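S.K.: The structure is given below, and queries will be raised subsequently.
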Amino acid sequence: MLALGCDHGGYPLMKEVIDYLEKNGIEFKNFGTFSDASVDYPEYGKAVANAVAAGECEKGILICGTGIGISITANKVKGIRCALCGDVFSAKATREHNDANILAMGARVTGAGLALEIVKAFLETPFSNDERHIRRINQIED
Ligand code: RB5
């Protein structure tokens with residue numbers, strides 16, 4: 001199960017992401033927001049990060065205007081490795097190297113076509129399970 005969250009700045013892109021997930025039969029739990037009315041991104045960043053950290057959802061996608069505020073928020077939660085990505089290479093690498101469990105994107109930065117390729121790479125790329133990457137990930141939490 002995938003956890004979704006966005007603020008008003010991320011809402012237009014989140015609609016595109018939801019459309020992609022539905023077309024591809026990918027299950028998700030949407031923590032909002034559900035309109036383009038102004039809201040505070042930490043509420044949604046925390047909701048998704050807590051769901052992933054608790055194991056309620058395996059991974060998450062967070063979107064705000066830049067992706068910055070909502071990714072900073074998510075990374076405050078223990079066990080969360082939230083990667084702000086604006087390219088496919090980074091989305092693939094952060095899964096392989098960092099075992100990132102939340103993808104963040106900026107709706108005012110990244111166009112929908114690229115964003116959906118980033119989502120696909122993030123969801124389809126497995127963690128490498130290499131010893132050196134496991135060691136480094138463990139050091140993040142130390
Ligand atoms: C909202 O205007 C905007 O500040 C927010 O979406 C995000 O970009 C914050 O980092």
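Each chain in the structure tokens gets a letter, A, B and so on, in the order shown; residues start at 1 in every chain, and ligands are counted from 1 in the order they appear.
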Select the residues contacting ligand 1 at a distance of at most 9 Å, based on only C-alpha atoms and all ligand atoms, then format the selection as an MDAnalysis selection string.

M.R.: chainID A and resid 6:10 38:41 63:72 106:108

S.K.: Quick one: DSSP strand (DSSP E or B) residues in region 8-83 of chain A, as a PyMOL selection string?

M.R.: chain A and resi 28-30+59-64+82-83

S.K.: Could you state the separation of CA of Lys78 (chain A) and CA of Ala53 (chain A) in Å, given to one decimal place?

M.R.: 7.0 Å

S.K.: Which residues come within 6 Å of Pro42 (chain A), counting only C-alpha atoms, excluding same-chain residues fewer than 3 positions away, as an mmCIF file with N, CA, C and O atoms, in the first residue's frame?

M.R.:
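Below is the file part37.cif, written as the result:
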```
data_model
loop_
_atom_site.group_PDB
_atom_site.id
_atom_site.type_symbol
_atom_site.label_atom_id
_atom_site.label_comp_id
_atom_site.auth_asym_id
_atom_site.auth_seq_id
_atom_site.Cartn_x
_atom_site.Cartn_y
_atom_site.Cartn_z
ATOM 1 N N GLY A 45 2.732 15.976 5.235
ATOM 2 C CA GLY A 45 4.031 15.296 5.301
ATOM 3 C C GLY A 45 4.121 14.377 6.497
ATOM 4 O O GLY A 45 4.593 13.231 6.394
ATOM 5 N N LYS A 46 3.633 14.854 7.641
ATOM 6 C CA LYS A 46 3.669 14.043 8.866
ATOM 7 C C LYS A 46 2.730 12.843 8.765
ATOM 8 O O LYS A 46 3.077 11.742 9.206
ATOM 9 N N THR A 73 9.901 17.884 6.246
ATOM 10 C CA THR A 73 8.978 17.414 7.279
ATOM 11 C C THR A 73 9.048 15.898 7.424
ATOM 12 O O THR A 73 9.181 15.371 8.539
#
```

S.K.: Taking the backbone alone, and naming residues the way the document does, which bits of region 68-135 of chain A are helix (DSSP H, G or I) by DSSP, as a PyMOL selection string?

M.R.: chain A and resi 68-74+88-98+112-124+131-135

S.K.: If I take CA of Ala51 (chain A) and CA of Phe89 (chain A), how far is one from the other in Å, to one decimal?

M.R.: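 So the two atoms, CA of Ala51 (chain A) and CA of Phe89 (chain A), lie 26.4 Å apart.
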
S.K.: Would you list the contacts of region 110-123 of chain A as a ChimeraX atom specification, taking every protein, DNA or RNA residue within 7 Å and counting only C-alpha atoms, but skipping same-chain residues closer than 6 positions in sequence?

M.R.: /A:13,16-17,86-88,91-92,95

S.K.: With all heavy atoms retained, could you export that selection as a PDB file, in the first residue's frame?

M.R.:
```pdb
ATOM      1  N   LEU A  13      -0.486  18.156  -9.454  1.00  0.00           N
ATOM      2  CA  LEU A  13       0.331  17.006  -9.864  1.00  0.00           C
ATOM      3  C   LEU A  13      -0.141  15.721  -9.193  1.00  0.00           C
ATOM      4  O   LEU A  13      -0.114  14.647  -9.808  1.00  0.00           O
ATOM      5  CB  LEU A  13       1.816  17.264  -9.552  1.00  0.00           C
ATOM      6  CG  LEU A  13       2.783  16.143  -9.930  1.00  0.00           C
ATOM      7  CD1 LEU A  13       2.679  15.771 -11.410  1.00  0.00           C
ATOM      8  CD2 LEU A  13       4.226  16.539  -9.578  1.00  0.00           C
ATOM      9  N   GLU A  16      -2.628  13.907 -11.195  1.00  0.00           N
ATOM     10  CA  GLU A  16      -2.009  13.143 -12.302  1.00  0.00           C
ATOM     11  C   GLU A  16      -1.422  11.829 -11.772  1.00  0.00           C
ATOM     12  O   GLU A  16      -1.523  10.785 -12.417  1.00  0.00           O
ATOM     13  CB  GLU A  16      -0.889  13.968 -12.959  1.00  0.00           C
ATOM     14  CG  GLU A  16      -1.300  15.323 -13.451  1.00  0.00           C
ATOM     15  CD  GLU A  16      -1.843  15.299 -14.869  1.00  0.00           C
ATOM     16  OE1 GLU A  16      -1.820  14.231 -15.507  1.00  0.00           O
ATOM     17  OE2 GLU A  16      -2.302  16.358 -15.329  1.00  0.00           O
ATOM     18  N   VAL A  17      -0.787  11.902 -10.608  1.00  0.00           N
ATOM     19  CA  VAL A  17      -0.192  10.699 -10.009  1.00  0.00           C
ATOM     20  C   VAL A  17      -1.295   9.692  -9.672  1.00  0.00           C
ATOM     21  O   VAL A  17      -1.157   8.492  -9.947  1.00  0.00           O
ATOM     22  CB  VAL A  17       0.636  11.068  -8.751  1.00  0.00           C
ATOM     23  CG1 VAL A  17       1.050   9.820  -7.975  1.00  0.00           C
ATOM     24  CG2 VAL A  17       1.870  11.879  -9.147  1.00  0.00           C
ATOM     25  N   GLY A  86      13.827  15.101  -8.961  1.00  0.00           N
ATOM     26  CA  GLY A  86      13.356  15.824 -10.134  1.00  0.00           C
ATOM     27  C   GLY A  86      13.869  15.193 -11.418  1.00  0.00           C
ATOM     28  O   GLY A  86      13.782  15.790 -12.495  1.00  0.00           O
ATOM     29  N   ASP A  87      14.426  13.977 -11.276  1.00  0.00           N
ATOM     30  CA  ASP A  87      14.902  13.257 -12.457  1.00  0.00           C
ATOM     31  C   ASP A  87      14.823  11.761 -12.200  1.00  0.00           C
ATOM     32  O   ASP A  87      14.784  11.307 -11.040  1.00  0.00           O
ATOM     33  CB  ASP A  87      16.345  13.665 -12.810  1.00  0.00           C
ATOM     34  CG  ASP A  87      17.307  13.262 -11.721  1.00  0.00           C
ATOM     35  OD1 ASP A  87      17.489  14.031 -10.756  1.00  0.00           O
ATOM     36  OD2 ASP A  87      17.862  12.163 -11.792  1.00  0.00           O
ATOM     37  N   VAL A  88      14.792  10.996 -13.283  1.00  0.00           N
ATOM     38  CA  VAL A  88      14.590   9.545 -13.188  1.00  0.00           C
ATOM     39  C   VAL A  88      15.824   8.854 -12.600  1.00  0.00           C
ATOM     40  O   VAL A  88      15.702   7.912 -11.810  1.00  0.00           O
ATOM     41  CB  VAL A  88      14.244   8.963 -14.575  1.00  0.00           C
ATOM     42  CG1 VAL A  88      14.173   7.449 -14.538  1.00  0.00           C
ATOM     43  CG2 VAL A  88      12.919   9.550 -15.070  1.00  0.00           C
ATOM     44  N   ALA A  91      15.686   9.010  -8.853  1.00  0.00           N
ATOM     45  CA  ALA A  91      14.616   8.159  -8.304  1.00  0.00           C
ATOM     46  C   ALA A  91      15.059   6.702  -8.262  1.00  0.00           C
ATOM     47  O   ALA A  91      14.818   5.986  -7.281  1.00  0.00           O
ATOM     48  CB  ALA A  91      13.352   8.308  -9.151  1.00  0.00           C
ATOM     49  N   LYS A  92      15.745   6.269  -9.317  1.00  0.00           N
ATOM     50  CA  LYS A  92      16.238   4.888  -9.388  1.00  0.00           C
ATOM     51  C   LYS A  92      17.371   4.695  -8.373  1.00  0.00           C
ATOM     52  O   LYS A  92      17.391   3.726  -7.609  1.00  0.00           O
ATOM     53  CB  LYS A  92      16.736   4.628 -10.820  1.00  0.00           C
ATOM     54  CG  LYS A  92      17.017   3.201 -11.160  1.00  0.00           C
ATOM     55  CD  LYS A  92      17.164   3.066 -12.677  1.00  0.00           C
ATOM     56  CE  LYS A  92      17.493   1.641 -13.085  1.00  0.00           C
ATOM     57  NZ  LYS A  92      18.857   1.253 -12.770  1.00  0.00           N
ATOM     58  N   ARG A  95      16.381   4.480  -4.647  1.00  0.00           N
ATOM     59  CA  ARG A  95      15.840   3.167  -4.258  1.00  0.00           C
ATOM     60  C   ARG A  95      16.990   2.161  -4.116  1.00  0.00           C
ATOM     61  O   ARG A  95      17.056   1.423  -3.133  1.00  0.00           O
ATOM     62  CB  ARG A  95      14.835   2.671  -5.320  1.00  0.00           C
ATOM     63  CG  ARG A  95      13.500   3.394  -5.312  1.00  0.00           C
ATOM     64  CD  ARG A  95      12.676   3.061  -4.058  1.00  0.00           C
ATOM     65  NE  ARG A  95      12.603   1.627  -3.899  1.00  0.00           N
ATOM     66  CZ  ARG A  95      12.940   0.984  -2.767  1.00  0.00           C
ATOM     67  NH1 ARG A  95      13.320   1.649  -1.683  1.00  0.00           N
ATOM     68  NH2 ARG A  95      12.859  -0.320  -2.725  1.00  0.00           N
TER      69      ARG A  95
END
```

S.K.: Between A:Ile18, A:Tyr11, A:Asp142, A:Thr94, which one has atoms that come closest to Asp36 (chain A), using only C-alpha atoms?

M.R.: A:Tyr11
